[in-house]
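So the structure is just underneath, and the comments pick up after that.
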Amino acid sequence: MTSQIDKLIYLLAKVPGVGPRSARRAALHLLNYREQLMIPLAEELKKSALVIQKCQICNNIDDQSPCLICSNPKRDQKTICVVETISDLWAIERAGIFSGGYHVLGGTLSATQGRSPEALNLNILVSRVKTDQVEEVIIATNATMDGQTTAFYITEFLGDETNVRTTRLAYGIPVGGELDYLDDSTLEAALFSRKDF
């Protein structure tokens, strides 16, 4: 029979980035600080599970829908940045360099994982482009094979349905990077993405 401690460790190990060893350490820490940490954490987890929801506009998560980004009148709703995941959205927001809206795909097209175009909610994106008179869609998918395939599909899909300008994030040499240490694909992308100096 499995003990309660084993169940706790098992569930903690399900969190991305937490292996069995880290889960054991976390479980011991939580158990040693029940009043100060474990009970408040359990209460917040339950509350979050009940309150946090998907935004009906962009697929972000928040404790309200529309989310704070979509309901902010100061944001430029004429520009939408398409990202694969919520963590990608958070990364762009953390940088503080974009003030438009978002569309979270929830993944990429993938034959191996059975993810079809319908799963990306592109009809919602097209509807937003038309209704809000969006002027530019920035495609910010990752530089993976699936990310590239998805970016090309979205560009074609939007081209068939709208006349919105679509742009893609540039790829290439990272700030502080040295040419000698770059892989061939990154160097090639940097060369083809070059612009006037």
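Identifiers in the structure tokens: chain A, B, ... in order shown; residue index from 1 per chain; ligand index from 1 in order shown.
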Write out as a ChimeraX atom specification which residues come within 12 Å of Leu11 (chain A) when counting only C-alpha atoms, dropping same-chain ones fewer than 5 positions away. /A:4-6,16,18-20,22-24,26-27
Please, could you write that set of residues out with C-alpha atoms as an mmCIF file, in the first residue's frame?
data_model
loop_
_atom_site.group_PDB
_atom_site.id
_atom_site.type_symbol
_atom_site.label_atom_id
_atom_site.label_comp_id
_atom_site.auth_asym_id
_atom_site.auth_seq_id
_atom_site.Cartn_x
_atom_site.Cartn_y
_atom_site.Cartn_z
ATOM 1 C CA GLN A 4 0.683 9.480 1.919
ATOM 2 C CA ILE A 5 4.313 10.648 1.691
ATOM 3 C CA ASP A 6 4.822 8.499 -1.429
ATOM 4 C CA PRO A 16 7.918 19.844 -15.078
ATOM 5 C CA VAL A 18 11.070 18.324 -10.789
ATOM 6 C CA GLY A 19 12.490 14.808 -10.747
ATOM 7 C CA PRO A 20 12.007 12.155 -8.038
ATOM 8 C CA SER A 22 13.884 17.017 -6.075
ATOM 9 C CA ALA A 23 10.335 15.919 -5.270
ATOM 10 C CA ARG A 24 11.569 14.107 -2.140
ATOM 11 C CA ALA A 26 10.449 19.434 -1.681
ATOM 12 C CA ALA A 27 8.130 17.055 0.190
#
Write out as a tab-separated table the residues of region 120-164 of chain A that have any atom within 12 Å of an atom of region 84-100 of chain A, one row each with the nearest atom pair and its distance in Å to one decimal, counting only C-alpha atoms, sorted by chain and then rising number.
residue	atom	partner	partner_atom	distance
A:Leu120	CA	A:Glu84	CA	9.0
A:Asn121	CA	A:Glu84	CA	11.5
A:Val134	CA	A:Gly100	CA	10.3
A:Glu135	CA	A:Gly100	CA	11.1
A:Glu136	CA	A:Gly100	CA	9.9
A:Val137	CA	A:Gly100	CA	9.9
A:Ile138	CA	A:Gly100	CA	9.9
A:Ile139	CA	A:Glu84	CA	9.4
A:Ala140	CA	A:Glu84	CA	7.6
A:Thr141	CA	A:Glu84	CA	5.6
A:Asn142	CA	A:Glu84	CA	7.5
A:Ala143	CA	A:Glu84	CA	11.1
A:Thr144	CA	A:Glu84	CA	11.4
A:Asp146	CA	A:Glu84	CA	10.4
A:Gly147	CA	A:Glu84	CA	8.0
A:Gln148	CA	A:Glu84	CA	11.2
A:Thr150	CA	A:Glu84	CA	9.3
A:Ala151	CA	A:Glu84	CA	10.0
A:Ile154	CA	A:Glu84	CA	11.8
Apply DSSP to the backbone of this structure and, from region 63-187 of chain A, keep only the residues in strand (DSSP E); write these as a PyMOL selection string. chain A and resi 76-83+100-104+136-139+165-168
Export of the given selection (C-alpha atoms) as a PDB file, in the first residue's frame:
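What follows is the written file part-v7.pdb:
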ATOM      1  CA  ASP A  76      -2.395  48.284 -29.294  1.00  0.00           C
ATOM      2  CA  GLN A  77      -5.096  45.842 -30.426  1.00  0.00           C
ATOM      3  CA  LYS A  78      -4.175  46.502 -34.076  1.00  0.00           C
ATOM      4  CA  THR A  79      -1.116  44.271 -33.648  1.00  0.00           C
ATOM      5  CA  ILE A  80      -1.335  40.622 -32.566  1.00  0.00           C
ATOM      6  CA  CYS A  81       1.646  38.481 -31.630  1.00  0.00           C
ATOM      7  CA  VAL A  82       1.044  34.753 -32.214  1.00  0.00           C
ATOM      8  CA  VAL A  83       2.904  32.531 -29.742  1.00  0.00           C
ATOM      9  CA  GLY A 100      -0.032  44.733 -28.579  1.00  0.00           C
ATOM     10  CA  GLY A 101      -2.365  41.768 -28.184  1.00  0.00           C
ATOM     11  CA  TYR A 102      -1.650  38.043 -28.323  1.00  0.00           C
ATOM     12  CA  HIS A 103      -2.987  34.795 -29.714  1.00  0.00           C
ATOM     13  CA  VAL A 104      -1.794  31.688 -27.858  1.00  0.00           C
ATOM     14  CA  GLU A 136      -0.186  43.269 -38.377  1.00  0.00           C
ATOM     15  CA  VAL A 137       0.148  39.711 -37.111  1.00  0.00           C
ATOM     16  CA  ILE A 138       3.604  38.896 -35.751  1.00  0.00           C
ATOM     17  CA  ILE A 139       4.310  35.178 -35.856  1.00  0.00           C
ATOM     18  CA  ARG A 165       0.378  42.064 -42.934  1.00  0.00           C
ATOM     19  CA  THR A 166       2.176  39.066 -41.417  1.00  0.00           C
ATOM     20  CA  THR A 167       5.702  39.315 -40.072  1.00  0.00           C
ATOM     21  CA  ARG A 168       8.059  36.819 -38.447  1.00  0.00           C
TER      22      ARG A 168
END
Residues of region 19-163 of chain A classed as helix (DSSP H, G or I) by DSSP on the backbone are to be reported as an MDAnalysis selection string. chainID A and resid 20:32 34:51 86:95 117:120 122:131 145:161
My list of candidates is A:Lys46, A:Arg75, A:Arg25, A:Lys54. Which is closest to Leu12 (chain A) when distances are computed with only C-alpha atoms? A:Arg25
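Proximity ranking of A:Leu37, A:Ala119, A:Leu169, A:Ile52 relative to Cys67 (chain A) places A:Ile52 first, based on only C-alpha atoms.
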Could you tell me which of A:Leu191, A:Val126, A:Ala49, A:Ile173 comes closest to Glu161 (chain A) if we count only C-alpha atoms? A:Val126
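CA of Tyr171 (chain A) lies 9.8 Å from CA of Ser185 (chain A).
Counting from CA of Leu68 (chain A), the distance to CA of Gln53 (chain A) is 12.1 Å.
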State, in Å with one decimal place, the distance from CA of Phe157 (chain A) to CA of Thr108 (chain A). 14.3 Å
